[in-house]
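**Q** Data file start_23.txt (compact mmCIF, C-alpha atoms) is appended below.
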# COMPACT_ATOMS: atom_id res chain seq x y z
CA PRO A 14 0.00 0.00 0.00
CA GLU A 15 0.88 3.58 -0.55
CA PRO A 16 2.16 5.48 2.53
CA GLU A 17 -0.23 8.11 3.96
CA PRO A 18 0.73 11.67 3.23
CA GLU A 19 2.24 13.65 6.19
CA PRO A 20 -0.10 16.31 7.59
CA GLU A 21 0.60 19.93 6.86
CA PRO A 22 1.87 21.97 9.87
CA GLU A 23 -0.58 24.44 11.40
CA PRO A 24 0.19 28.13 10.79
CA THR A 25 1.84 29.99 13.76
CA PRO A 26 -0.65 32.46 15.31
CA GLU A 27 0.17 36.15 15.19
CA PRO A 28 1.05 37.75 18.59
CA GLU A 29 -1.58 40.03 20.19
CA PRO A 30 -0.72 43.74 20.19
CA THR A 31 0.67 45.12 23.56
CA PRO A 32 -1.98 47.32 25.24
CA GLU A 33 -1.18 50.97 25.89
CA PRO A 34 -0.46 51.86 29.53
CA GLU A 35 -3.22 53.74 31.41
CA PRO A 36 -2.40 57.40 32.27
CA THR A 37 -1.19 58.00 35.92
CA PRO A 38 -3.99 59.75 37.87
CA GLU A 39 -3.30 63.15 39.36
CA PRO A 40 -2.90 63.19 43.18
CA GLU A 41 -5.80 64.56 45.21
CA PRO A 42 -5.16 67.96 46.85
CA THR A 43 -4.22 67.79 50.65
CA PRO A 44 -7.17 69.00 52.77
CA GLU A 45 -6.63 72.02 54.99
CA PRO A 46 -6.39 71.24 58.73
CA GLU A 47 -9.37 72.09 60.95
CA PRO A 48 -8.83 75.06 63.30
CA THR A 49 -7.92 74.12 66.95
CA PRO A 50 -10.88 74.85 69.28
CA GLU A 51 -10.37 77.33 72.05
CA PRO A 52 -10.12 75.78 75.57
CA GLU A 53 -13.07 76.18 77.89
CA PRO A 54 -12.54 78.59 80.79
CA THR A 55 -11.57 76.90 84.10
CA PRO A 56 -14.53 77.16 86.58
CA GLU A 57 -13.92 79.03 89.77
CA PRO A 58 -13.55 76.72 92.82
CA GLU A 59 -16.45 76.56 95.25
CA PRO A 60 -15.79 78.24 98.61
CA THR A 61 -14.69 75.82 101.36
CA PRO A 62 -17.52 75.41 103.93
CA GLU A 63 -16.76 76.55 107.44
CA PRO A 64 -16.26 73.60 109.83
CA GLU A 65 -19.06 72.87 112.27
CA PRO A 66 -18.25 73.78 115.88
CA THR A 67 -17.05 70.82 117.94
CA PRO A 68 -19.80 69.85 120.46
CA GLU A 69 -18.88 70.15 124.07
CA PRO A 70 -18.26 66.75 125.66
CA GLU A 71 -20.89 65.44 128.06
CA PRO A 72 -19.83 65.56 131.68
CA THR A 73 -18.49 62.20 132.92
CA PRO A 74 -20.98 60.69 135.39
CA GLU A 75 -19.73 60.24 138.86
CA PRO A 76 -18.99 56.53 139.60
CA GLU A 77 -21.46 54.72 141.85
CA PRO A 78 -20.08 54.07 145.29
CA THR A 79 -18.76 50.51 145.62
CA PRO A 80 -21.14 48.53 147.88
CA GLU A 81 -19.65 47.30 151.06
CA PRO A 82 -19.02 43.54 150.90
CA GLU A 83 -21.39 41.37 152.90
CA PRO A 84 -19.76 39.92 155.97
CA THR A 85 -18.60 36.35 155.42
CA PRO A 86 -20.89 34.04 157.44
CA GLU A 87 -19.20 32.16 160.14
CA PRO A 88 -18.80 28.50 159.19
CA GLU A 89 -21.13 26.10 160.93
CA PRO A 90 -19.35 24.04 163.50
CA THR A 91 -18.51 20.58 162.24
CA PRO A 92 -20.79 18.12 164.03
CA GLU A 93 -19.03 15.66 166.17
CA PRO A 94 -19.12 12.19 164.61
CA GLU A 95 -21.54 9.81 166.23
CA PRO A 96 -19.78 7.14 168.17
CA THR A 97 -19.60 3.87 166.26
CA PRO A 98 -21.95 1.45 167.96
CA GLU A 99 -20.29 -1.58 169.29
CA PRO A 100 -21.24 -4.65 167.25
CA GLU A 101 -23.72 -6.90 168.93
CA PRO A 102 -22.21 -10.20 169.85
CA THR A 103 -23.13 -12.87 167.33
CA PRO A 104 -25.46 -15.26 169.07
CA GLU A 105 -24.22 -18.74 169.06
CA PRO A 106 -26.58 -20.93 167.06
CA THR A 107 -28.51 -23.26 169.22
CA PRO A 108 -28.22 -26.69 167.67
CA GLU A 109 -31.62 -28.05 166.83
CA PRO A 110 -32.26 -31.34 168.46
CA THR A 111 -32.12 -34.18 166.02
CA PRO A 112 -35.67 -35.40 165.63
CA GLU A 113 -36.10 -38.88 166.79
CA PRO A 114 -37.22 -41.15 164.00
CA GLU A 115 -40.88 -41.94 164.13
CA PRO A 116 -41.45 -45.47 165.15
CA SER A 117 -42.54 -47.64 162.31
CA PRO A 118 -46.21 -48.43 162.59
CA GLU A 119 -46.78 -51.84 163.87
CA PRO A 120 -48.35 -54.07 161.30
CA GLU A 121 -52.01 -54.66 161.89
CA PRO A 122 -52.54 -58.05 163.38
CA THR A 123 -53.99 -60.60 161.03
CA PRO A 124 -57.62 -61.12 162.04
CA VAL A 125 -58.40 -64.54 163.36
CA ALA A 126 -61.77 -66.22 162.91
CA PRO A 127 -63.65 -66.94 166.11
CA ALA A 128 -64.59 -70.39 167.20
CA ALA A 129 -67.21 -72.07 165.09
CA SER A 130 -70.81 -71.13 165.94
CA PRO A 131 -74.02 -71.22 163.85
CA LEU A 132 -76.20 -68.39 162.58
CA SER A 133 -79.45 -67.61 164.38
CA TYR A 134 -82.88 -67.18 162.78
CA ASP A 135 -86.41 -66.20 163.75
CA TYR A 136 -89.36 -67.91 162.10
CA TYR A 137 -92.68 -66.11 161.36
CA GLU A 138 -95.93 -67.24 159.74
CA GLY A 139 -98.32 -65.12 157.68
CA ARG A 140 -99.20 -63.98 154.15
CA PHE A 141 -96.57 -61.40 153.02
CA PRO A 142 -96.37 -59.76 149.56
CA PHE A 143 -93.00 -58.23 150.57
CA ILE A 144 -90.42 -58.63 153.33
CA PRO A 145 -92.39 -57.72 156.46
CA ASP A 146 -91.40 -55.45 159.37
CA PHE A 147 -90.17 -58.15 161.72
CA ASN A 148 -90.36 -55.82 164.73
CA SER A 149 -94.15 -55.74 164.36
CA LEU A 150 -94.53 -59.54 164.16
CA THR A 151 -94.61 -62.29 166.78
CA VAL A 152 -91.87 -64.88 166.53
CA VAL A 153 -93.30 -68.39 166.10
CA ARG A 154 -89.98 -70.11 166.85
CA THR A 155 -86.22 -69.55 166.77
CA GLY A 156 -83.39 -71.76 165.58
CA THR A 157 -79.83 -71.96 164.30
CA ALA A 158 -78.32 -72.82 160.94
CA ALA A 159 -74.79 -73.35 159.69
CA THR A 160 -75.51 -71.42 156.46
CA PHE A 161 -78.38 -69.50 154.86
CA SER A 162 -80.43 -72.62 154.22
CA LEU A 163 -84.20 -73.02 154.65
CA PRO A 164 -85.28 -75.12 157.62
CA PRO A 165 -88.10 -77.64 157.14
CA SER A 166 -91.44 -75.79 156.67
CA ASN A 167 -93.58 -78.78 157.63
CA GLY A 168 -95.95 -78.00 154.74
CA VAL A 169 -96.55 -74.34 155.65
CA LEU A 170 -96.68 -72.27 152.46
CA PHE A 171 -96.74 -68.72 153.90
CA TYR A 172 -93.92 -67.79 156.24
CA ALA A 173 -90.82 -65.57 156.71
CA LEU A 174 -87.31 -65.98 158.13
CA ASN A 175 -84.82 -63.46 159.55
CA PHE A 176 -81.21 -64.78 159.73
CA THR A 177 -78.61 -62.85 161.78
CA GLY A 178 -74.92 -63.54 162.45
CA LYS A 179 -71.33 -62.50 161.75
CA LEU A 180 -69.33 -62.75 158.51
CA PHE A 181 -65.56 -63.18 158.77
CA VAL A 182 -63.48 -61.49 156.04
CA GLU A 183 -59.83 -62.58 156.00
CA GLN A 184 -58.59 -60.02 153.45
CA ALA A 185 -59.85 -56.46 152.89
CA GLY A 186 -61.21 -55.72 149.45
CA SER A 187 -64.25 -55.49 147.22
CA TYR A 188 -66.79 -58.29 147.58
CA THR A 189 -69.81 -59.19 145.48
CA PHE A 190 -72.80 -60.86 147.16
CA TYR A 191 -75.61 -62.79 145.44
CA SER A 192 -79.06 -63.79 146.66
CA GLU A 193 -81.10 -66.25 144.61
CA SER A 194 -84.55 -66.77 146.08
CA ASN A 195 -88.19 -67.77 145.58
CA ASP A 196 -89.94 -65.66 146.78
CA GLY A 197 -88.33 -62.44 148.03
CA SER A 198 -85.05 -61.84 149.93
CA ARG A 199 -82.77 -59.02 151.08
CA LEU A 200 -79.10 -59.15 152.22
CA LEU A 201 -77.69 -56.53 154.64
CA ILE A 202 -74.07 -56.12 155.84
CA ASN A 203 -73.30 -53.85 158.80
CA GLY A 204 -76.88 -52.60 158.56
CA ASN A 205 -76.55 -51.54 154.88
CA LEU A 206 -78.72 -53.08 152.16
CA ILE A 207 -76.41 -54.78 149.64
CA VAL A 208 -78.76 -57.05 147.66
CA ASP A 209 -82.45 -56.23 147.16
CA ASN A 210 -84.33 -59.19 145.69
CA ASP A 211 -87.69 -58.41 147.37
CA GLY A 212 -91.18 -59.19 146.12
CA ALA A 213 -93.20 -62.30 145.26
CA HIS A 214 -91.53 -64.01 142.29
CA THR A 215 -90.09 -67.26 141.03
CA LEU A 216 -86.43 -68.16 141.54
CA ILE A 217 -84.42 -65.01 140.69
CA GLU A 218 -80.83 -64.02 141.52
CA LYS A 219 -79.68 -60.47 142.23
CA SER A 220 -76.30 -59.12 143.41
CA GLY A 221 -74.52 -56.15 145.01
CA VAL A 222 -70.93 -54.99 145.67
CA VAL A 223 -69.39 -53.66 148.90
CA GLU A 224 -65.89 -52.78 150.19
CA LEU A 225 -65.07 -54.69 153.38
CA ALA A 226 -62.17 -54.46 155.80
CA ALA A 227 -60.59 -57.59 157.17
CA GLY A 228 -62.36 -58.92 160.26
CA LEU A 229 -65.92 -59.61 161.42
CA HIS A 230 -69.01 -57.89 159.98
CA ASP A 231 -72.70 -58.05 160.87
CA ILE A 232 -74.72 -59.92 158.27
CA THR A 233 -78.52 -60.30 157.96
CA LEU A 234 -80.62 -62.25 155.47
CA GLU A 235 -84.39 -61.64 155.25
CA TYR A 236 -86.64 -64.03 153.34
CA PHE A 237 -90.31 -64.75 152.82
CA GLN A 238 -92.29 -67.52 151.06
CA ALA A 239 -95.73 -66.92 149.53
CA ASN A 240 -97.21 -70.24 148.32
CA GLY A 241 -95.82 -72.57 145.69
CA THR A 242 -92.19 -73.61 145.45
CA GLU A 243 -89.45 -72.21 147.65
CA GLY A 244 -85.68 -71.71 147.35
CA LEU A 245 -82.77 -69.73 148.80
CA THR A 246 -79.02 -69.65 147.96
CA VAL A 247 -76.62 -66.93 149.20
CA SER A 248 -73.17 -66.66 147.50
CA TRP A 249 -70.16 -64.34 147.31
CA SER A 250 -67.02 -63.63 145.22
CA SER A 251 -63.95 -61.37 145.22
CA ASP A 252 -60.55 -61.00 143.56
CA THR A 253 -59.37 -64.01 145.52
CA ILE A 254 -62.64 -65.96 145.79
CA THR A 255 -64.47 -67.51 142.86
CA LYS A 256 -68.24 -67.26 143.06
CA GLN A 257 -69.50 -69.84 145.60
CA GLU A 258 -72.10 -70.32 148.32
CA ILE A 259 -70.93 -68.60 151.51
CA PRO A 260 -69.42 -71.46 153.55
CA ASP A 261 -70.16 -72.08 157.19
CA SER A 262 -66.42 -71.53 157.94
CA VAL A 263 -66.90 -67.74 157.71
CA LEU A 264 -70.39 -67.53 159.26
CA PHE A 265 -70.78 -67.21 163.02
CA ALA A 266 -73.36 -66.47 165.66
CA PRO A 267 -74.31 -62.79 166.16
Hey, can you dump this file as structure tokens for me?
**A**
Amino acid sequence: PEPEPEPEPEPTPEPEPTPEPEPTPEPEPTPEPEPTPEPEPTPEPEPTPEPEPTPEPEPTPEPEPTPEPEPTPEPEPTPEPEPTPEPEPTPEPTPEPTPEPEPSPEPEPTPVAPAASPLSYDYYEGRFPFIPDFNSLTVVRTGTAATFSLPPSNGVLFYALNFTGKLFVEQAGSYTFYSESNDGSRLLINGNLIVDNDGAHTLIEKSGVVELAAGLHDITLEYFQANGTEGLTVSWSSDTITKQEIPDSVLFAP
């Protein structure tokens, strides 16, 4: 290929013309100075005031007369000390007598049963709906019995019995008494009603409890029969005795 033609050089620009210098300005005229003002006149000084007259001093008051001092009181005389009381002599303690030991109580003697003797009874006849008042009746006959057993009635169907005697208790304690009867019965110990099985009835048992001391005790058994069958059994029991008919070994004459 053909080589490209070289570019033509650009034309050199013409230089700009130099500007003309500006004319120098004329200086401003110097202003005239202002006139100096005249000074103000000095004022005349005010007249000095006359001094006030010095006041006369007040007269000094006369001093009050010094009061005379009060006389010093005479000191009270020191009381004489009370004499120290002599100490009382310490009393010698009186020795208390040694108490003598109380004698031991003697053991109660063991009660002894009396000699064997039977119970006593009174026999009455009559028609009784309840245990009668024996003091108002006439005794038909008297007798003895080893225990609370019915004597032969010889066919009589209406009668009453009043047993009296002593009961021997070997050991103090609570005792239960029983009365089984047909018809009525009552058991008394030391005058106190223990078993009440009164009234007309078939064979019935009733009981009562009493505290007894060791020894002898009054015992009474009241009974009545009102027609028909008859029956009487008196028993006792305690902590040491099983229920049983009261034996003749503890029953004695009044």
**Q** May I ask which of the residues A:Tyr236, A:Phe181, A:Phe147, A:Tyr134 is the closest one to Asp209 of chain A, counting all atoms listed in the file?
**A**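 Of A:Tyr236, A:Phe181, A:Phe147, A:Tyr134, the one nearest Asp209 of chain A, counting all atoms listed in the file, is A:Tyr236.
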**Q** With only C-alpha atoms counted, which protein, DNA or RNA residues have an atom no more than 7 Å from (-85.2, -60.2, 148.5) in the file frame? Please answer as a ChimeraX atom specification.
**A** /A:197-199,209-212,235-236
**Q** Return the single residue from A:Gly186, A:Pro164, A:Pro131, A:Gly221 that is closest to Ile254 of chain A, with distances computed using only C-alpha atoms.
**A**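 Of the candidates, the smallest distance to Ile254 of chain A is held by A:Gly186.
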**Q** Counting all atoms listed in the file, which of A:Ser262, A:Thr73, A:Thr233, A:Thr246 gets nearest to Ser162 of chain A?
**A**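 Selected residue with least distance to Ser162 of chain A: A:Thr246.
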**Q** Within 7 Å of Ser187 of chain A, counting only C-alpha atoms, which residues qualify if same-chain residues fewer than 2 places away don't, as a VMD selection string?
**A** chain A and resid 189 222 to 225 251
**Q** How about saving the chosen residues, C-alpha atoms kept, as a JSON list (two decimals), in the frame of the given file?
**A**
[["chain", "number", "residue", "atom", "x", "y", "z"],
["A", 189, "THR", "CA", -69.81, -59.19, 145.48],
["A", 222, "VAL", "CA", -70.93, -54.99, 145.67],
["A", 223, "VAL", "CA", -69.39, -53.66, 148.90],
["A", 224, "GLU", "CA", -65.89, -52.78, 150.19],
["A", 225, "LEU", "CA", -65.07, -54.69, 153.38],
["A", 251, "SER", "CA", -63.95, -61.37, 145.22]]
**Q** One number please: atom CA of Leu216 of chain A to atom CA of Leu163 of chain A, in Å, one decimal.
**A**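 Separating atom CA of Leu216 of chain A from atom CA of Leu163 of chain A is a distance of 14.2 Å.
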**Q** Can you measure atom CA of Gly168 of chain A to atom CA of Thr151 of chain A for me? One decimal in Å is fine.
**A**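 Taking atom CA of Gly168 of chain A and atom CA of Thr151 of chain A, their separation equals 19.8 Å.
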**Q** Choose the residue, out of A:Asn175, A:Thr157, A:Thr85, A:Ser194, that has the smallest atom-to-atom separation from Phe265 of chain A; count all atoms listed in the file.
**A** A:Thr157
**Q** Since the input lacks atoms, please generate all heavy atoms for segment 196-207 of chain A and provide them as a PDB file, in the frame of the given file.
**A**
ATOM      1  N   ASP A 196     -89.684 -66.932 147.462  1.00  0.00           N
ATOM      2  CA  ASP A 196     -89.940 -65.660 146.780  1.00  0.00           C
ATOM      3  C   ASP A 196     -88.841 -64.629 147.120  1.00  0.00           C
ATOM      4  O   ASP A 196     -87.707 -64.808 146.715  1.00  0.00           O
ATOM      5  CB  ASP A 196     -91.328 -65.162 147.209  1.00  0.00           C
ATOM      6  CG  ASP A 196     -92.429 -66.033 146.586  1.00  0.00           C
ATOM      7  OD1 ASP A 196     -92.795 -65.731 145.448  1.00  0.00           O
ATOM      8  OD2 ASP A 196     -92.863 -67.016 147.206  1.00  0.00           O
ATOM      9  N   GLY A 197     -89.215 -63.573 147.872  1.00  0.00           N
ATOM     10  CA  GLY A 197     -88.330 -62.440 148.030  1.00  0.00           C
ATOM     11  C   GLY A 197     -87.254 -62.615 149.093  1.00  0.00           C
ATOM     12  O   GLY A 197     -87.392 -63.379 150.046  1.00  0.00           O
ATOM     13  N   SER A 198     -86.133 -61.824 148.935  1.00  0.00           N
ATOM     14  CA  SER A 198     -85.050 -61.840 149.930  1.00  0.00           C
ATOM     15  C   SER A 198     -84.305 -60.507 149.874  1.00  0.00           C
ATOM     16  O   SER A 198     -84.329 -59.794 148.868  1.00  0.00           O
ATOM     17  CB  SER A 198     -84.074 -62.993 149.647  1.00  0.00           C
ATOM     18  OG  SER A 198     -83.473 -62.820 148.373  1.00  0.00           O
ATOM     19  N   ARG A 199     -83.622 -60.214 150.996  1.00  0.00           N
ATOM     20  CA  ARG A 199     -82.770 -59.020 151.080  1.00  0.00           C
ATOM     21  C   ARG A 199     -81.541 -59.370 151.927  1.00  0.00           C
ATOM     22  O   ARG A 199     -81.673 -60.031 152.963  1.00  0.00           O
ATOM     23  CB  ARG A 199     -83.493 -57.840 151.717  1.00  0.00           C
ATOM     24  CG  ARG A 199     -84.724 -57.378 150.934  1.00  0.00           C
ATOM     25  CD  ARG A 199     -85.186 -55.975 151.329  1.00  0.00           C
ATOM     26  NE  ARG A 199     -85.294 -55.801 152.772  1.00  0.00           N
ATOM     27  CZ  ARG A 199     -85.547 -54.634 153.372  1.00  0.00           C
ATOM     28  NH1 ARG A 199     -85.691 -53.534 152.644  1.00  0.00           N
ATOM     29  NH2 ARG A 199     -85.655 -54.561 154.685  1.00  0.00           N
ATOM     30  N   LEU A 200     -80.347 -58.889 151.496  1.00  0.00           N
ATOM     31  CA  LEU A 200     -79.100 -59.150 152.220  1.00  0.00           C
ATOM     32  C   LEU A 200     -78.539 -57.814 152.721  1.00  0.00           C
ATOM     33  O   LEU A 200     -78.365 -56.880 151.951  1.00  0.00           O
ATOM     34  CB  LEU A 200     -78.071 -59.829 151.312  1.00  0.00           C
ATOM     35  CG  LEU A 200     -76.714 -60.117 151.951  1.00  0.00           C
ATOM     36  CD1 LEU A 200     -76.842 -61.176 153.042  1.00  0.00           C
ATOM     37  CD2 LEU A 200     -75.706 -60.565 150.893  1.00  0.00           C
ATOM     38  N   LEU A 201     -78.243 -57.731 154.026  1.00  0.00           N
ATOM     39  CA  LEU A 201     -77.690 -56.530 154.640  1.00  0.00           C
ATOM     40  C   LEU A 201     -76.357 -56.865 155.309  1.00  0.00           C
ATOM     41  O   LEU A 201     -76.224 -57.928 155.926  1.00  0.00           O
ATOM     42  CB  LEU A 201     -78.646 -55.937 155.680  1.00  0.00           C
ATOM     43  CG  LEU A 201     -80.007 -55.432 155.169  1.00  0.00           C
ATOM     44  CD1 LEU A 201     -81.047 -56.551 155.170  1.00  0.00           C
ATOM     45  CD2 LEU A 201     -80.499 -54.273 156.044  1.00  0.00           C
ATOM     46  N   ILE A 202     -75.364 -55.978 155.174  1.00  0.00           N
ATOM     47  CA  ILE A 202     -74.070 -56.120 155.840  1.00  0.00           C
ATOM     48  C   ILE A 202     -73.790 -54.837 156.611  1.00  0.00           C
ATOM     49  O   ILE A 202     -73.870 -53.740 156.038  1.00  0.00           O
ATOM     50  CB  ILE A 202     -72.948 -56.419 154.833  1.00  0.00           C
ATOM     51  CG1 ILE A 202     -73.200 -57.778 154.164  1.00  0.00           C
ATOM     52  CG2 ILE A 202     -71.577 -56.417 155.516  1.00  0.00           C
ATOM     53  CD1 ILE A 202     -72.154 -58.171 153.149  1.00  0.00           C
ATOM     54  N   ASN A 203     -73.513 -55.010 157.906  1.00  0.00           N
ATOM     55  CA  ASN A 203     -73.300 -53.850 158.800  1.00  0.00           C
ATOM     56  C   ASN A 203     -74.461 -52.872 158.739  1.00  0.00           C
ATOM     57  O   ASN A 203     -74.291 -51.652 158.809  1.00  0.00           O
ATOM     58  CB  ASN A 203     -71.995 -53.132 158.440  1.00  0.00           C
ATOM     59  CG  ASN A 203     -70.773 -54.004 158.641  1.00  0.00           C
ATOM     60  OD1 ASN A 203     -70.751 -54.856 159.538  1.00  0.00           O
ATOM     61  ND2 ASN A 203     -69.761 -53.820 157.810  1.00  0.00           N
ATOM     62  N   GLY A 204     -75.680 -53.420 158.588  1.00  0.00           N
ATOM     63  CA  GLY A 204     -76.880 -52.600 158.560  1.00  0.00           C
ATOM     64  C   GLY A 204     -77.182 -51.954 157.226  1.00  0.00           C
ATOM     65  O   GLY A 204     -78.175 -51.227 157.100  1.00  0.00           O
ATOM     66  N   ASN A 205     -76.346 -52.161 156.200  1.00  0.00           N
ATOM     67  CA  ASN A 205     -76.550 -51.540 154.880  1.00  0.00           C
ATOM     68  C   ASN A 205     -77.082 -52.573 153.894  1.00  0.00           C
ATOM     69  O   ASN A 205     -76.564 -53.685 153.812  1.00  0.00           O
ATOM     70  CB  ASN A 205     -75.220 -50.982 154.355  1.00  0.00           C
ATOM     71  CG  ASN A 205     -74.649 -49.910 155.268  1.00  0.00           C
ATOM     72  OD1 ASN A 205     -75.347 -49.006 155.712  1.00  0.00           O
ATOM     73  ND2 ASN A 205     -73.342 -50.016 155.553  1.00  0.00           N
ATOM     74  N   LEU A 206     -78.122 -52.181 153.148  1.00  0.00           N
ATOM     75  CA  LEU A 206     -78.720 -53.080 152.160  1.00  0.00           C
ATOM     76  C   LEU A 206     -77.754 -53.239 150.984  1.00  0.00           C
ATOM     77  O   LEU A 206     -77.385 -52.280 150.320  1.00  0.00           O
ATOM     78  CB  LEU A 206     -80.050 -52.505 151.674  1.00  0.00           C
ATOM     79  CG  LEU A 206     -80.806 -53.339 150.630  1.00  0.00           C
ATOM     80  CD1 LEU A 206     -81.196 -54.698 151.213  1.00  0.00           C
ATOM     81  CD2 LEU A 206     -82.051 -52.590 150.149  1.00  0.00           C
ATOM     82  N   ILE A 207     -77.349 -54.494 150.728  1.00  0.00           N
ATOM     83  CA  ILE A 207     -76.410 -54.780 149.640  1.00  0.00           C
ATOM     84  C   ILE A 207     -77.114 -55.429 148.459  1.00  0.00           C
ATOM     85  O   ILE A 207     -76.850 -55.072 147.309  1.00  0.00           O
ATOM     86  CB  ILE A 207     -75.264 -55.699 150.135  1.00  0.00           C
ATOM     87  CG1 ILE A 207     -74.579 -55.084 151.370  1.00  0.00           C
ATOM     88  CG2 ILE A 207     -74.245 -55.942 149.031  1.00  0.00           C
ATOM     89  CD1 ILE A 207     -74.008 -53.700 151.156  1.00  0.00           C
TER      90      ILE A 207
END
